[in-house]
Amino acid sequence: MRNATLGSEGPEVGVVGLGCMGMTWAYDVHNRDDDNSVRVIRQALDLGVTLIDTSDIYGPYSNEEVVGAALAGPYRERAVLATKVGLVPGNAEERVLRNGRPEHIRKSIDDSLRRLGTDHVDLYQLHRIDPEVPVEESWGALAEAVAAGKARRIGLSEVDVAEIERAQAVHPVASVQNELSLWTRDSLAEVLPYTEEQGIAFLPFSPLGRGFLTGGIASFDELPADDFRRALPRFQQEALKANLALVERVRVVAARHGATPAQVALAWVLAQGRYVLPIPGTRTPKYLEENAAAADLVLSPADLAELDALPAAAGERY
């Protein structure tokens with residue numbers, strides 16, 4: 001796979017990364033298979049998919065253990081390992097809560113390193129800003145992890161430009177992980193232009209629209225009973241039916257290139273900037289290979305214009 005840098009100052013990584021959340025959390029968890037996930041992560045490295053992204057909340061906690069098992073021994077030095085902090089298990093009303101308190105972050109980096117079986121992560125990210133804690137305080141605690149050698153660089157997730165600027169005043173921001181796909185384009189207006197200008201890596205999560213843009217979901221009833229997408233507005237039956245028209249338009253472009261809709265969706269994301277590094281998730285070897293091959297798909301200006309003209313998705317993100 002061709003490489004890019006993780007922002008202007010970061011290490012080289014494959015331009016397509018691997019998001020590991022779905023291996024243990026949120027998607028069809030009753031079919032979880034940790035041994036398979038270990039194999040998929042190692043296969044990713046063999047394909048040049050070197051940016052491996054996890055979080056302490058995924059599982060909770062077990063996702064980091066699976067990633068740590070996959071990266072044991074010689075595999076660790078082949079990966080650019082990213083994890084996140086700032087979300088904690090919730091309650092009956094809210095599945096997850098935010099915790100950006102410095103003392104929580106200081107403890108969490110040590111817990112993450114233990115589960116991952118490493119003495120440092122290459123990228124430590126604030127998963128969400130805690131509205132009860134000034135971002136400067138949370139970011140300062142992440143900066144302490146850099147000073148202590150526990151993290152090589154630090155990043156933010158789900159933020160706007162003003163929040164990035166506040167963090168930058170404390171310590172350099174290496175990356176921003178916001179949602180970006182053909183059906184979620186909010187970051188194109190301000191955040192992505194700002195990160196490009198600043199040389200900050202932009203790591204789109206859910207670049208395949210939580211699997212919808214692959215064309216593999218035609219009905220709400222196809223979603224597993226324990227799948228969190230059942231609670232999302234865009235996957236409710238009426239919205240889903242409307243959104244299928246988006247996928248059909250992507251299929252048309254894919255057919256011209258002998259590609260899959262997923263590859264076109266990823267190629268469109270990759271075309272949005274120099275430092276844009278999508279992190280699609282999968283636990284299926286076939287789809288991992290398909291996602292990796294999207295790095296070689298070059299869309300024409302006409303293709304990009306056609307995709308840019310797609311209407312907005314029906315339904316809110318959450």
# chains A, B, ... in the order shown; residues from 1 in each chain; ligands from 1
call {"tool": "closest_atom_pairs", "arguments": {"of": "region 144-165 of chain A", "to": "region 71-93 of chain A", "cutoff": "9 Å", "atoms": "only C-alpha atoms", "output": "CSV"}}
result
residue,atom,partner,partner_atom,distance
A:Gly155,CA,A:Lys84,CA,8.7
A:Leu156,CA,A:Lys84,CA,8.8
A:Ser157,CA,A:Lys84,CA,8.8
call {"tool": "select_by_dssp", "arguments": {"residues": "region 126-183 of chain A", "states": "alpha helix (DSSP H)", "output": "count of residues only"}}
result
21
call {"tool": "residues_around", "arguments": {"residues": "Val135 (chain A)", "least_positions_apart": "4", "cutoff": "10 Å", "atoms": "only C-alpha atoms", "output": "ChimeraX atom specification"}}
result
/A:100-101,126,128-131,139-141,163-164,166-167,170
call {"tool": "write_last_selection", "arguments": {"atoms": "N, CA and C atoms", "output": "PDB file, in the first residue's frame"}}
result
ATOM      1  N   GLY A 100     -13.195  13.465  31.247  1.00  0.00           N
ATOM      2  CA  GLY A 100     -11.944  14.071  30.814  1.00  0.00           C
ATOM      3  C   GLY A 100     -11.120  14.609  31.962  1.00  0.00           C
ATOM      4  N   ARG A 101     -11.395  14.130  33.167  1.00  0.00           N
ATOM      5  CA  ARG A 101     -10.645  14.633  34.321  1.00  0.00           C
ATOM      6  C   ARG A 101      -9.181  14.187  34.229  1.00  0.00           C
ATOM      7  N   LEU A 126      -7.979  12.013  22.799  1.00  0.00           N
ATOM      8  CA  LEU A 126      -9.110  12.329  23.666  1.00  0.00           C
ATOM      9  C   LEU A 126     -10.383  12.001  22.897  1.00  0.00           C
ATOM     10  N   ARG A 128     -13.657  12.061  23.468  1.00  0.00           N
ATOM     11  CA  ARG A 128     -14.638  13.138  23.447  1.00  0.00           C
ATOM     12  C   ARG A 128     -14.232  14.165  24.504  1.00  0.00           C
ATOM     13  N   ILE A 129     -14.510  15.429  24.239  1.00  0.00           N
ATOM     14  CA  ILE A 129     -14.277  16.466  25.238  1.00  0.00           C
ATOM     15  C   ILE A 129     -15.382  16.383  26.289  1.00  0.00           C
ATOM     16  N   ASP A 130     -14.973  16.418  27.531  1.00  0.00           N
ATOM     17  CA  ASP A 130     -15.905  16.393  28.660  1.00  0.00           C
ATOM     18  C   ASP A 130     -16.409  17.819  28.900  1.00  0.00           C
ATOM     19  N   PRO A 131     -17.706  18.068  28.777  1.00  0.00           N
ATOM     20  CA  PRO A 131     -18.208  19.442  28.964  1.00  0.00           C
ATOM     21  C   PRO A 131     -18.020  19.970  30.380  1.00  0.00           C
ATOM     22  N   TRP A 139      -6.356  18.089  27.973  1.00  0.00           N
ATOM     23  CA  TRP A 139      -5.246  18.048  27.012  1.00  0.00           C
ATOM     24  C   TRP A 139      -3.903  18.114  27.724  1.00  0.00           C
ATOM     25  N   GLY A 140      -3.851  18.850  28.798  1.00  0.00           N
ATOM     26  CA  GLY A 140      -2.610  18.901  29.567  1.00  0.00           C
ATOM     27  C   GLY A 140      -2.235  17.549  30.125  1.00  0.00           C
ATOM     28  N   ALA A 141      -3.237  16.771  30.536  1.00  0.00           N
ATOM     29  CA  ALA A 141      -2.952  15.433  31.054  1.00  0.00           C
ATOM     30  C   ALA A 141      -2.462  14.511  29.944  1.00  0.00           C
ATOM     31  N   GLU A 163     -12.145  24.218  19.344  1.00  0.00           N
ATOM     32  CA  GLU A 163     -11.619  23.274  20.334  1.00  0.00           C
ATOM     33  C   GLU A 163     -10.204  22.841  19.978  1.00  0.00           C
ATOM     34  N   ILE A 164      -9.938  22.670  18.695  1.00  0.00           N
ATOM     35  CA  ILE A 164      -8.571  22.329  18.276  1.00  0.00           C
ATOM     36  C   ILE A 164      -7.609  23.455  18.651  1.00  0.00           C
ATOM     37  N   ARG A 166      -7.863  25.657  21.024  1.00  0.00           N
ATOM     38  CA  ARG A 166      -7.638  25.704  22.471  1.00  0.00           C
ATOM     39  C   ARG A 166      -6.622  24.646  22.896  1.00  0.00           C
ATOM     40  N   ALA A 167      -6.724  23.452  22.319  1.00  0.00           N
ATOM     41  CA  ALA A 167      -5.759  22.405  22.648  1.00  0.00           C
ATOM     42  C   ALA A 167      -4.367  22.762  22.135  1.00  0.00           C
ATOM     43  N   VAL A 170      -1.900  24.580  24.217  1.00  0.00           N
ATOM     44  CA  VAL A 170      -1.277  23.839  25.322  1.00  0.00           C
ATOM     45  C   VAL A 170      -0.186  22.909  24.810  1.00  0.00           C
TER      46      VAL A 170
END
call {"tool": "closest_residue", "arguments": {"among": "A:Pro224, A:Gly48, A:Gly17, A:Pro60", "to": "Leu270 (chain A)", "atoms": "only C-alpha atoms"}}
result
A:Gly17
call {"tool": "atom_distance", "arguments": {"atom1": "CA of Thr284 (chain A)", "atom2": "CA of Phe205 (chain A)"}}
result
17.8 Å
call {"tool": "atom_distance", "arguments": {"atom1": "CA of Ala26 (chain A)", "atom2": "CA of Val67 (chain A)"}}
result
16.5 Å
call {"tool": "select_by_dssp", "arguments": {"residues": "region 47-259 of chain A", "states": "strand (DSSP E or B)", "output": "number ranges by chain"}}
result
A: 51-53, 80-85, 87-89, 96-98, 121, 123-126, 151, 154-157, 175-177, 179, 181, 184, 201-202, 205
call {"tool": "closest_residue", "arguments": {"among": "A:Arg210, A:Gly273, A:Leu304, A:Phe220", "to": "Val250 (chain A)", "atoms": "only C-alpha atoms"}}
result
A:Leu304
call {"tool": "decode", "arguments": {"residues": "region 101-115 of chain A", "atoms": "all heavy atoms", "output": "mmCIF file, in the first residue's frame"}}
result
data_model
loop_
_atom_site.group_PDB
_atom_site.id
_atom_site.type_symbol
_atom_site.label_atom_id
_atom_site.label_comp_id
_atom_site.auth_asym_id
_atom_site.auth_seq_id
_atom_site.Cartn_x
_atom_site.Cartn_y
_atom_site.Cartn_z
ATOM 1 N N ARG A 101 -11.395 14.130 33.167
ATOM 2 C CA ARG A 101 -10.645 14.633 34.321
ATOM 3 C C ARG A 101 -9.181 14.187 34.229
ATOM 4 O O ARG A 101 -8.891 13.037 33.870
ATOM 5 C CB ARG A 101 -11.266 14.136 35.624
ATOM 6 C CG ARG A 101 -12.681 14.665 35.880
ATOM 7 C CD ARG A 101 -13.114 14.411 37.322
ATOM 8 N NE ARG A 101 -13.056 13.003 37.656
ATOM 9 C CZ ARG A 101 -14.051 12.131 37.447
ATOM 10 N NH1 ARG A 101 -15.167 12.550 36.862
ATOM 11 N NH2 ARG A 101 -13.929 10.870 37.789
ATOM 12 N N PRO A 102 -8.259 15.079 34.541
ATOM 13 C CA PRO A 102 -6.841 14.729 34.424
ATOM 14 C C PRO A 102 -6.460 13.472 35.187
ATOM 15 O O PRO A 102 -5.671 12.657 34.685
ATOM 16 C CB PRO A 102 -6.134 15.972 34.980
ATOM 17 C CG PRO A 102 -7.070 17.088 34.656
ATOM 18 C CD PRO A 102 -8.442 16.515 34.857
ATOM 19 N N GLU A 103 -7.009 13.286 36.385
ATOM 20 C CA GLU A 103 -6.643 12.096 37.160
ATOM 21 C C GLU A 103 -7.121 10.814 36.471
ATOM 22 O O GLU A 103 -6.451 9.768 36.551
ATOM 23 C CB GLU A 103 -7.211 12.180 38.579
ATOM 24 C CG GLU A 103 -8.717 12.287 38.694
ATOM 25 C CD GLU A 103 -9.237 13.716 38.678
ATOM 26 O OE1 GLU A 103 -8.530 14.618 38.154
ATOM 27 O OE2 GLU A 103 -10.356 13.920 39.199
ATOM 28 N N HIS A 104 -8.261 10.896 35.794
ATOM 29 C CA HIS A 104 -8.744 9.730 35.045
ATOM 30 C C HIS A 104 -7.814 9.436 33.873
ATOM 31 O O HIS A 104 -7.479 8.268 33.602
ATOM 32 C CB HIS A 104 -10.162 9.987 34.543
ATOM 33 C CG HIS A 104 -10.668 8.936 33.598
ATOM 34 N ND1 HIS A 104 -10.982 7.669 34.007
ATOM 35 C CD2 HIS A 104 -10.880 8.971 32.241
ATOM 36 C CE1 HIS A 104 -11.383 6.956 32.957
ATOM 37 N NE2 HIS A 104 -11.320 7.722 31.877
ATOM 38 N N ILE A 105 -7.387 10.459 33.165
ATOM 39 C CA ILE A 105 -6.502 10.271 32.016
ATOM 40 C C ILE A 105 -5.153 9.710 32.450
ATOM 41 O O ILE A 105 -4.600 8.801 31.811
ATOM 42 C CB ILE A 105 -6.343 11.602 31.253
ATOM 43 C CG1 ILE A 105 -7.687 11.987 30.617
ATOM 44 C CG2 ILE A 105 -5.236 11.512 30.202
ATOM 45 C CD1 ILE A 105 -7.745 13.392 30.074
ATOM 46 N N ARG A 106 -4.617 10.229 33.549
ATOM 47 C CA ARG A 106 -3.312 9.735 34.031
ATOM 48 C C ARG A 106 -3.367 8.247 34.366
ATOM 49 O O ARG A 106 -2.421 7.499 34.094
ATOM 50 C CB ARG A 106 -2.885 10.535 35.264
ATOM 51 C CG ARG A 106 -2.582 12.000 34.982
ATOM 52 C CD ARG A 106 -2.086 12.711 36.225
ATOM 53 N NE ARG A 106 -1.993 14.152 35.992
ATOM 54 C CZ ARG A 106 -2.799 15.058 36.557
ATOM 55 N NH1 ARG A 106 -3.752 14.663 37.412
ATOM 56 N NH2 ARG A 106 -2.655 16.334 36.275
ATOM 57 N N LYS A 107 -4.451 7.820 34.986
ATOM 58 C CA LYS A 107 -4.589 6.393 35.314
ATOM 59 C C LYS A 107 -4.871 5.572 34.057
ATOM 60 O O LYS A 107 -4.341 4.453 33.906
ATOM 61 C CB LYS A 107 -5.721 6.189 36.323
ATOM 62 C CG LYS A 107 -5.951 4.727 36.712
ATOM 63 C CD LYS A 107 -7.053 4.580 37.727
ATOM 64 C CE LYS A 107 -7.190 3.129 38.172
ATOM 65 N NZ LYS A 107 -7.470 2.196 37.057
ATOM 66 N N SER A 108 -5.673 6.116 33.168
ATOM 67 C CA SER A 108 -6.107 5.349 32.003
ATOM 68 C C SER A 108 -4.970 5.023 31.052
ATOM 69 O O SER A 108 -4.958 3.948 30.436
ATOM 70 C CB SER A 108 -7.203 6.120 31.257
ATOM 71 O OG SER A 108 -8.369 6.210 32.049
ATOM 72 N N ILE A 109 -3.991 5.917 30.888
ATOM 73 C CA ILE A 109 -2.889 5.603 29.982
ATOM 74 C C ILE A 109 -2.116 4.399 30.488
ATOM 75 O O ILE A 109 -1.743 3.508 29.711
ATOM 76 C CB ILE A 109 -1.949 6.821 29.753
ATOM 77 C CG1 ILE A 109 -0.851 6.471 28.742
ATOM 78 C CG2 ILE A 109 -1.356 7.329 31.039
ATOM 79 C CD1 ILE A 109 -1.327 6.097 27.374
ATOM 80 N N ASP A 110 -1.928 4.305 31.789
ATOM 81 C CA ASP A 110 -1.226 3.145 32.343
ATOM 82 C C ASP A 110 -2.038 1.873 32.151
ATOM 83 O O ASP A 110 -1.487 0.809 31.818
ATOM 84 C CB ASP A 110 -0.933 3.357 33.826
ATOM 85 C CG ASP A 110 0.103 4.448 34.066
ATOM 86 O OD1 ASP A 110 0.949 4.660 33.176
ATOM 87 O OD2 ASP A 110 0.061 5.085 35.124
ATOM 88 N N ASP A 111 -3.347 1.962 32.352
ATOM 89 C CA ASP A 111 -4.201 0.796 32.149
ATOM 90 C C ASP A 111 -4.202 0.366 30.683
ATOM 91 O O ASP A 111 -4.153 -0.831 30.377
ATOM 92 C CB ASP A 111 -5.630 1.110 32.598
ATOM 93 C CG ASP A 111 -5.749 1.303 34.107
ATOM 94 O OD1 ASP A 111 -4.838 0.852 34.831
ATOM 95 O OD2 ASP A 111 -6.749 1.904 34.549
ATOM 96 N N SER A 112 -4.242 1.328 29.775
ATOM 97 C CA SER A 112 -4.226 0.998 28.346
ATOM 98 C C SER A 112 -2.922 0.333 27.947
ATOM 99 O O SER A 112 -2.910 -0.654 27.209
ATOM 100 C CB SER A 112 -4.457 2.258 27.499
ATOM 101 O OG SER A 112 -5.801 2.688 27.576
ATOM 102 N N LEU A 113 -1.812 0.856 28.437
ATOM 103 C CA LEU A 113 -0.512 0.262 28.097
ATOM 104 C C LEU A 113 -0.417 -1.175 28.607
ATOM 105 O O LEU A 113 0.120 -2.051 27.919
ATOM 106 C CB LEU A 113 0.624 1.112 28.674
ATOM 107 C CG LEU A 113 0.787 2.511 28.063
ATOM 108 C CD1 LEU A 113 1.910 3.270 28.770
ATOM 109 C CD2 LEU A 113 1.043 2.443 26.560
ATOM 110 N N ARG A 114 -0.962 -1.411 29.787
ATOM 111 C CA ARG A 114 -0.951 -2.778 30.327
ATOM 112 C C ARG A 114 -1.777 -3.713 29.445
ATOM 113 O O ARG A 114 -1.321 -4.816 29.106
ATOM 114 C CB ARG A 114 -1.491 -2.767 31.757
ATOM 115 C CG ARG A 114 -1.667 -4.159 32.376
ATOM 116 C CD ARG A 114 -2.164 -4.071 33.811
ATOM 117 N NE ARG A 114 -3.307 -3.187 33.937
ATOM 118 C CZ ARG A 114 -4.550 -3.524 33.614
ATOM 119 N NH1 ARG A 114 -4.807 -4.725 33.105
ATOM 120 N NH2 ARG A 114 -5.548 -2.668 33.786
ATOM 121 N N ARG A 115 -2.968 -3.285 29.066
ATOM 122 C CA ARG A 115 -3.809 -4.147 28.233
ATOM 123 C C ARG A 115 -3.205 -4.354 26.843
ATOM 124 O O ARG A 115 -3.338 -5.426 26.253
ATOM 125 C CB ARG A 115 -5.216 -3.538 28.113
ATOM 126 C CG ARG A 115 -6.035 -3.644 29.389
ATOM 127 C CD ARG A 115 -7.468 -3.211 29.164
ATOM 128 N NE ARG A 115 -7.585 -1.773 28.933
ATOM 129 C CZ ARG A 115 -7.849 -0.877 29.871
ATOM 130 N NH1 ARG A 115 -8.018 -1.254 31.141
ATOM 131 N NH2 ARG A 115 -7.950 0.410 29.568
#
